[in-house]
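Engineer: This is the structure, below, for whatever I ask next.
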Amino acid sequence: PSQAARLYTEDDPVTILTTDTLKQTIHNSTTAWLVQFYSSWCGHCIQYSPTWKALAGDVKDWEQAIRIGVLDCAHEKNFDICKEFEIHFYPTFRYFKAHGSNTDIGKTYRGPDRELQTVRQLMVNFLQNHTKQDWPTRCPLLEPSRTEDILALIGQKREQYMAIIIEDTDSYVGREVILDLMPYEGVSVRRVLSSDKALMERLGVTAVPAAYLFHPNGTHGLMDAQKRLRFFFSSFLKLLPGVHRQSPASHQSPAHSSSNGQKRTEEWREFDKSKVYMADLESGLHYLLRVELARHQTLEGEQLRTFKDFVTVVAKLFPGRPSVVKLLETLLEWIVSLPLDKIPYDAVLDLVNNKMRISGLFLSDRVQWVGCQGSSASFRGYPCSLWTLFHVLTVQAAVRPDALANTALEDDPQAVLQTMRRYITTFFGCQECGHHFEEMAKESMGAVKTTDEAVLWLWRKHNQVNRRLAGAMSEDPLFPKTQWPTPDLCPTCHEERSGIHAWDEPTVLDFLKRHYGATNISPKYTL
Ligand code: FAD
């Protein structure tokens, strides 16, 4: 099929199966599988693909128990395998138990309701249909715990947190939270039924679902997750101190080692994650101007135009300290005044490092990460500061509409985004990141009509990247990739509609403007 007909790509959270991989993947697997056999020309399948992708994203953390796949029966290569698996209609949903034999062609789900929440609950039921013998290897217990086992926890010290979800018989919240926390270390989750009145009373639970938390130090109490919903319970637990995602590269404690053995030599700088740090922004600018761009001997053509627009955007919008802003403005005046179509980068460095310094204009040349600190030198840092910088700039463009007046970027609601796009594809050292970002930009950046939409666009795309990178090698185990802002930062940003997490976007916009606004930037740790 043509490029356009591909309903799923590697960037989606689904596993794309083909004739070459289907059997070896699903047969004798340690996890269960739910596979959609589709046809790329079938209208239903096309319409349904956003739901399937959303489902796969929603249950990505369950993948050590059950995984989501797709197989395109319209692809010539797959004709035979679809016949062998007796696929007659599209889409066909097939469940495959864990540890299945190599003749298993799965069990078809025929229900008319294919809504995300329904299918997600079916997945839970399906997992529970396994027996002790074929139970998915790493899947935790999903049955309710016994009262005496819970009571025995009271007052005990333990190595990690233990959360108990108390719920009605027909509720799925407990099992969903248990599965959501599967890839996390430092916490385990169990469920009990609210029909156990004595236990309810003992724990002081009056409304369900509820969550009760036993701390490692032996204290315990009802968990205040703000809203009694799956997403809030799961997020609360993932954010507990000491709870972190298992790292695929290393199962050791992240504070002491990392995948490539680069140890932290610097002292840890305490910070508040509800703030933005000027030290990160200035360190990022320093790295960008003196290291990343300095890899180019000369700038010309498209590179020079991109550099000029980048300097315009930061000089006009960066809410920095006066000496830094003045430095950027002077740099901009200098570039604009040059009649050249090619500049040697040494001249930029000379200006930034020597000439301006004489007049007191100075950008620190030390890298000092604060909110962008990683648990080792190979994590976070520069890319984190770049995201932060561009979020700050999109917010400034939205709250100071005249800031770009009399520049080439005047009156363009996409000014910051398009400049970022060109910077990332032209200069950002991580080329693969550039390709991914360009794909996202091509798809939807053009539709941004206002500066408020630009703020939201960047937030949405950053979350898309977070989703894709969750659990990847580049993830700092101390700072797991999450959908941001998490409920502890902004409880009212989150809602649930028909059992599915949803954002309240107007509230998110207000939050972003506050969080990335000039008054929330802390000068702490700047020299
Ligand atoms: P970051 O993702 O860098 O986020 C920094 C901070 O921004 C977070 O700590 C949080 O406070 C805040 N934040 C998080 N999410 C949002 C949001 N949705 N909206 C607003 N603020 C938010 N790495 C790869 O391995 N592959 C890639 O393809 C890739 N593409 C990238 C593309 C771009 C344009 C950039 C700038 C970086 C890319 N990276 C990629 C790097 C990756 O996204 C992270 O920056 C890096 O792994 C460091 O992660 P972090 O934990 O510091 O958080």
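Labels for the structure tokens follow display order: chains A, B, ..., residues from 1 in each chain, ligands from 1.
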List as a PDB file with N, CA and C atoms, in the first residue's frame the protein and nucleic acid residues lying within 8 Å of ligand 1, with only C-alpha atoms and all ligand atoms counted.

Structural biologist:
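Result written to result_39.pdb:
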```pdb
ATOM      1  N   LYS A 273       9.506  21.487  41.346  1.00  0.00           N
ATOM      2  CA  LYS A 273       9.112  21.214  39.953  1.00  0.00           C
ATOM      3  C   LYS A 273       7.927  22.063  39.492  1.00  0.00           C
ATOM      4  N   SER A 274       7.372  22.859  40.411  1.00  0.00           N
ATOM      5  CA  SER A 274       6.326  23.773  39.958  1.00  0.00           C
ATOM      6  C   SER A 274       6.932  25.098  39.495  1.00  0.00           C
ATOM      7  N   VAL A 276      10.047  27.238  37.033  1.00  0.00           N
ATOM      8  CA  VAL A 276      10.976  27.175  35.905  1.00  0.00           C
ATOM      9  C   VAL A 276      12.232  27.890  36.372  1.00  0.00           C
ATOM     10  N   GLY A 371      16.255  22.497  37.286  1.00  0.00           N
ATOM     11  CA  GLY A 371      15.042  21.720  36.991  1.00  0.00           C
ATOM     12  C   GLY A 371      15.326  20.688  35.908  1.00  0.00           C
ATOM     13  N   CYS A 372      16.422  20.854  35.177  1.00  0.00           N
ATOM     14  CA  CYS A 372      16.791  19.921  34.111  1.00  0.00           C
ATOM     15  C   CYS A 372      17.931  18.988  34.521  1.00  0.00           C
ATOM     16  N   GLN A 373      18.225  18.944  35.831  1.00  0.00           N
ATOM     17  CA  GLN A 373      19.264  18.005  36.289  1.00  0.00           C
ATOM     18  C   GLN A 373      18.854  16.572  36.025  1.00  0.00           C
ATOM     19  N   GLY A 374      19.835  15.738  35.692  1.00  0.00           N
ATOM     20  CA  GLY A 374      19.537  14.326  35.536  1.00  0.00           C
ATOM     21  C   GLY A 374      20.202  13.524  36.641  1.00  0.00           C
ATOM     22  N   PHE A 379      21.710  12.025  31.216  1.00  0.00           N
ATOM     23  CA  PHE A 379      20.271  12.247  31.147  1.00  0.00           C
ATOM     24  C   PHE A 379      19.912  13.730  31.220  1.00  0.00           C
ATOM     25  N   ARG A 380      18.849  14.103  30.551  1.00  0.00           N
ATOM     26  CA  ARG A 380      18.196  15.420  30.651  1.00  0.00           C
ATOM     27  C   ARG A 380      19.099  16.555  30.160  1.00  0.00           C
ATOM     28  N   GLY A 381      19.306  17.587  30.964  1.00  0.00           N
ATOM     29  CA  GLY A 381      20.182  18.670  30.546  1.00  0.00           C
ATOM     30  C   GLY A 381      19.691  19.440  29.327  1.00  0.00           C
ATOM     31  N   TYR A 382      20.525  19.487  28.291  1.00  0.00           N
ATOM     32  CA  TYR A 382      20.251  20.379  27.161  1.00  0.00           C
ATOM     33  C   TYR A 382      18.880  20.190  26.492  1.00  0.00           C
ATOM     34  N   PRO A 383      18.494  18.968  26.082  1.00  0.00           N
ATOM     35  CA  PRO A 383      17.181  18.864  25.427  1.00  0.00           C
ATOM     36  C   PRO A 383      16.043  19.338  26.336  1.00  0.00           C
ATOM     37  N   CYS A 384      16.173  19.092  27.615  1.00  0.00           N
ATOM     38  CA  CYS A 384      15.170  19.558  28.572  1.00  0.00           C
ATOM     39  C   CYS A 384      15.103  21.088  28.568  1.00  0.00           C
ATOM     40  N   SER A 385      16.288  21.720  28.527  1.00  0.00           N
ATOM     41  CA  SER A 385      16.292  23.186  28.561  1.00  0.00           C
ATOM     42  C   SER A 385      15.729  23.767  27.270  1.00  0.00           C
ATOM     43  N   LEU A 386      15.900  23.035  26.173  1.00  0.00           N
ATOM     44  CA  LEU A 386      15.394  23.529  24.896  1.00  0.00           C
ATOM     45  C   LEU A 386      13.857  23.497  24.863  1.00  0.00           C
ATOM     46  N   TRP A 387      13.295  22.401  25.323  1.00  0.00           N
ATOM     47  CA  TRP A 387      11.828  22.358  25.448  1.00  0.00           C
ATOM     48  C   TRP A 387      11.362  23.515  26.327  1.00  0.00           C
ATOM     49  N   THR A 388      12.041  23.660  27.482  1.00  0.00           N
ATOM     50  CA  THR A 388      11.621  24.683  28.448  1.00  0.00           C
ATOM     51  C   THR A 388      11.678  26.065  27.794  1.00  0.00           C
ATOM     52  N   HIS A 391       8.805  26.532  25.343  1.00  0.00           N
ATOM     53  CA  HIS A 391       7.516  26.744  26.025  1.00  0.00           C
ATOM     54  C   HIS A 391       7.440  28.178  26.554  1.00  0.00           C
ATOM     55  N   MET A 420      11.313  27.446  15.929  1.00  0.00           N
ATOM     56  CA  MET A 420      11.767  26.264  16.646  1.00  0.00           C
ATOM     57  C   MET A 420      11.932  25.103  15.684  1.00  0.00           C
ATOM     58  N   ARG A 421      10.932  24.922  14.815  1.00  0.00           N
ATOM     59  CA  ARG A 421      10.964  23.827  13.841  1.00  0.00           C
ATOM     60  C   ARG A 421      12.232  23.898  13.005  1.00  0.00           C
ATOM     61  N   ILE A 424      15.358  23.199  15.125  1.00  0.00           N
ATOM     62  CA  ILE A 424      15.496  21.774  15.456  1.00  0.00           C
ATOM     63  C   ILE A 424      15.957  20.963  14.248  1.00  0.00           C
ATOM     64  N   CYS A 430      20.547  16.134  17.870  1.00  0.00           N
ATOM     65  CA  CYS A 430      19.877  14.839  17.764  1.00  0.00           C
ATOM     66  C   CYS A 430      19.050  14.819  16.486  1.00  0.00           C
ATOM     67  N   GLU A 432      17.618  12.392  14.812  1.00  0.00           N
ATOM     68  CA  GLU A 432      16.393  11.600  14.805  1.00  0.00           C
ATOM     69  C   GLU A 432      15.253  12.396  15.436  1.00  0.00           C
ATOM     70  N   CYS A 433      15.608  13.160  16.494  1.00  0.00           N
ATOM     71  CA  CYS A 433      14.601  14.020  17.121  1.00  0.00           C
ATOM     72  C   CYS A 433      14.062  14.999  16.089  1.00  0.00           C
ATOM     73  N   GLY A 434      14.984  15.532  15.294  1.00  0.00           N
ATOM     74  CA  GLY A 434      14.594  16.489  14.261  1.00  0.00           C
ATOM     75  C   GLY A 434      13.620  15.878  13.268  1.00  0.00           C
ATOM     76  N   HIS A 435      13.891  14.634  12.851  1.00  0.00           N
ATOM     77  CA  HIS A 435      12.982  13.966  11.901  1.00  0.00           C
ATOM     78  C   HIS A 435      11.601  13.802  12.510  1.00  0.00           C
ATOM     79  N   HIS A 436      11.580  13.329  13.748  1.00  0.00           N
ATOM     80  CA  HIS A 436      10.281  13.134  14.406  1.00  0.00           C
ATOM     81  C   HIS A 436       9.520  14.444  14.541  1.00  0.00           C
ATOM     82  N   PHE A 437      10.261  15.470  14.949  1.00  0.00           N
ATOM     83  CA  PHE A 437       9.601  16.751  15.159  1.00  0.00           C
ATOM     84  C   PHE A 437       9.056  17.281  13.834  1.00  0.00           C
ATOM     85  N   LEU A 458       2.412  23.161  21.149  1.00  0.00           N
ATOM     86  CA  LEU A 458       3.711  22.687  21.618  1.00  0.00           C
ATOM     87  C   LEU A 458       3.553  21.763  22.830  1.00  0.00           C
ATOM     88  N   TRP A 459       2.613  22.108  23.686  1.00  0.00           N
ATOM     89  CA  TRP A 459       2.328  21.261  24.858  1.00  0.00           C
ATOM     90  C   TRP A 459       1.860  19.871  24.411  1.00  0.00           C
ATOM     91  N   ARG A 460       0.923  19.867  23.440  1.00  0.00           N
ATOM     92  CA  ARG A 460       0.356  18.592  22.960  1.00  0.00           C
ATOM     93  C   ARG A 460       1.453  17.732  22.324  1.00  0.00           C
ATOM     94  N   LYS A 461       2.299  18.345  21.505  1.00  0.00           N
ATOM     95  CA  LYS A 461       3.336  17.591  20.803  1.00  0.00           C
ATOM     96  C   LYS A 461       4.407  17.111  21.776  1.00  0.00           C
ATOM     97  N   HIS A 462       4.706  17.925  22.771  1.00  0.00           N
ATOM     98  CA  HIS A 462       5.686  17.492  23.776  1.00  0.00           C
ATOM     99  C   HIS A 462       5.134  16.254  24.509  1.00  0.00           C
ATOM    100  N   ASN A 463       3.854  16.248  24.791  1.00  0.00           N
ATOM    101  CA  ASN A 463       3.276  15.059  25.427  1.00  0.00           C
ATOM    102  C   ASN A 463       3.309  13.851  24.506  1.00  0.00           C
ATOM    103  N   GLN A 464       3.129  14.108  23.219  1.00  0.00           N
ATOM    104  CA  GLN A 464       3.212  13.001  22.250  1.00  0.00           C
ATOM    105  C   GLN A 464       4.624  12.394  22.279  1.00  0.00           C
ATOM    106  N   VAL A 465       5.619  13.257  22.352  1.00  0.00           N
ATOM    107  CA  VAL A 465       7.000  12.771  22.446  1.00  0.00           C
ATOM    108  C   VAL A 465       7.187  12.011  23.773  1.00  0.00           C
ATOM    109  N   ASN A 466       6.651  12.568  24.858  1.00  0.00           N
ATOM    110  CA  ASN A 466       6.766  11.890  26.159  1.00  0.00           C
ATOM    111  C   ASN A 466       6.173  10.484  26.092  1.00  0.00           C
ATOM    112  N   LEU A 469       8.452   8.168  24.217  1.00  0.00           N
ATOM    113  CA  LEU A 469       9.731   7.878  24.851  1.00  0.00           C
ATOM    114  C   LEU A 469       9.607   7.195  26.211  1.00  0.00           C
ATOM    115  N   ALA A 472      11.845   4.305  27.313  1.00  0.00           N
ATOM    116  CA  ALA A 472      12.984   4.163  26.394  1.00  0.00           C
ATOM    117  C   ALA A 472      14.299   4.315  27.160  1.00  0.00           C
ATOM    118  N   MET A 473      15.391   3.948  26.483  1.00  0.00           N
ATOM    119  CA  MET A 473      16.711   3.989  27.112  1.00  0.00           C
ATOM    120  C   MET A 473      17.085   5.391  27.574  1.00  0.00           C
ATOM    121  N   SER A 474      16.588   6.400  26.852  1.00  0.00           N
ATOM    122  CA  SER A 474      16.990   7.769  27.164  1.00  0.00           C
ATOM    123  C   SER A 474      16.213   8.334  28.352  1.00  0.00           C
ATOM    124  N   GLU A 475      15.295   7.554  28.900  1.00  0.00           N
ATOM    125  CA  GLU A 475      14.496   8.070  30.007  1.00  0.00           C
ATOM    126  C   GLU A 475      15.281   8.002  31.314  1.00  0.00           C
ATOM    127  N   ASP A 476      15.336   9.122  32.000  1.00  0.00           N
ATOM    128  CA  ASP A 476      15.964   9.137  33.311  1.00  0.00           C
ATOM    129  C   ASP A 476      15.011   8.461  34.294  1.00  0.00           C
ATOM    130  N   PHE A 479      13.199  10.579  36.553  1.00  0.00           N
ATOM    131  CA  PHE A 479      12.229  11.510  35.971  1.00  0.00           C
ATOM    132  C   PHE A 479      11.472  10.818  34.849  1.00  0.00           C
ATOM    133  N   PRO A 480      10.567   9.903  35.225  1.00  0.00           N
ATOM    134  CA  PRO A 480       9.875   9.151  34.186  1.00  0.00           C
ATOM    135  C   PRO A 480       9.045  10.074  33.294  1.00  0.00           C
ATOM    136  N   LYS A 481       8.983   9.737  32.026  1.00  0.00           N
ATOM    137  CA  LYS A 481       8.192  10.524  31.081  1.00  0.00           C
ATOM    138  C   LYS A 481       6.715  10.342  31.420  1.00  0.00           C
ATOM    139  N   THR A 482       6.045  11.432  31.645  1.00  0.00           N
ATOM    140  CA  THR A 482       4.614  11.338  31.949  1.00  0.00           C
ATOM    141  C   THR A 482       3.847  12.307  31.072  1.00  0.00           C
ATOM    142  N   GLN A 483       2.537  12.156  31.097  1.00  0.00           N
ATOM    143  CA  GLN A 483       1.695  13.150  30.462  1.00  0.00           C
ATOM    144  C   GLN A 483       1.640  14.326  31.430  1.00  0.00           C
ATOM    145  N   TRP A 484       1.996  15.456  30.953  1.00  0.00           N
ATOM    146  CA  TRP A 484       2.274  16.614  31.791  1.00  0.00           C
ATOM    147  C   TRP A 484       1.312  17.748  31.454  1.00  0.00           C
ATOM    148  N   PRO A 485       0.870  18.594  32.379  1.00  0.00           N
ATOM    149  CA  PRO A 485       1.170  18.601  33.809  1.00  0.00           C
ATOM    150  C   PRO A 485       0.459  17.479  34.568  1.00  0.00           C
ATOM    151  N   LEU A 512      -0.375  26.677  31.596  1.00  0.00           N
ATOM    152  CA  LEU A 512       0.883  26.859  30.858  1.00  0.00           C
ATOM    153  C   LEU A 512       1.335  28.315  30.916  1.00  0.00           C
TER     154      LEU A 512
END
```

Engineer: Taking only C-alpha atoms into account, produce a table as CSV in which each residue of stretch 85-203 of chain A with an atom at most 8 Å from an atom of stretch 39-57 of chain A appears once, together with its shortest atom pair and the distance in Å to one decimal, ordered by chain and rising number.

Structural biologist:
```
residue,atom,partner,partner_atom,distance
A:Tyr90,CA,A:Ser39,CA,6.1
A:Pro91,CA,A:Cys45,CA,6.0
A:Glu115,CA,A:Thr51,CA,7.5
A:Leu116,CA,A:Leu55,CA,5.8
A:Arg120,CA,A:Leu55,CA,7.3
```

Engineer: Select, from A:Trp334, A:Phe96, A:Phe89, A:Trp369, the residue with the minimum atom-to-atom distance to A:Ile68, counting only C-alpha atoms.

Structural biologist: A:Phe96

Engineer: Which residue gives the smallest distance to A:Tyr184 among A:Ser323, A:Ser444, A:Asn520, A:Ser247, with only C-alpha atoms counted?

Structural biologist: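 Of A:Ser323, A:Ser444, A:Asn520, A:Ser247, the one nearest A:Tyr184 is A:Ser247, counting only C-alpha atoms.
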
Engineer: As a PDB file with C-alpha atoms, in the first residue's frame, please: the residues near A:Glu333 (cut-off 10 Å, only C-alpha atoms, same-chain neighbours under 4 positions excluded).

Structural biologist:
```pdb
ATOM      1  CA  VAL A 311      18.042  35.315  17.572  1.00  0.00           C
ATOM      2  CA  THR A 312      15.087  37.592  16.731  1.00  0.00           C
ATOM      3  CA  ALA A 315      16.007  38.763  21.732  1.00  0.00           C
ATOM      4  CA  LEU A 327      23.367  40.743  24.884  1.00  0.00           C
ATOM      5  CA  LEU A 328      20.766  39.050  22.681  1.00  0.00           C
ATOM      6  CA  GLU A 329      19.500  42.399  21.388  1.00  0.00           C
ATOM      7  CA  SER A 337      23.276  45.103  10.112  1.00  0.00           C
ATOM      8  CA  LEU A 338      25.601  42.690   8.323  1.00  0.00           C
TER       9      LEU A 338
END
```

Engineer: Sorted by chain and rising residue number, list the residues of stretch 337-454 of chain A at most 10 Å from stretch 487-511 of chain A (counting only C-alpha atoms), each with its closest atom pair and distance in Å to one decimal, as CSV.

Structural biologist:
```
residue,atom,partner,partner_atom,distance
A:Val395,CA,A:Leu509,CA,9.3
A:Asp452,CA,A:Leu509,CA,7.4
A:Glu453,CA,A:Leu509,CA,8.8
```

Engineer: Near A:Asn406, counting only C-alpha atoms, which residues have an atom at most 12 Å away, once you skip same-chain residues fewer than 5 positions from it, shown as a VMD selection string?

Structural biologist: chain A and resid 312 316 411 to 412

Engineer: Could you find all residues in stretch 439-510 of chain A that DSSP calls strand (DSSP E or B) from the backbone, and write them as a list in words?

Structural biologist: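 Answer for stretch 439-510 of chain A, restricted to strand (DSSP E or B): His494, Glu495, Glu496, Arg497, Ile500, His501, Ala502 and Trp503 of chain A.
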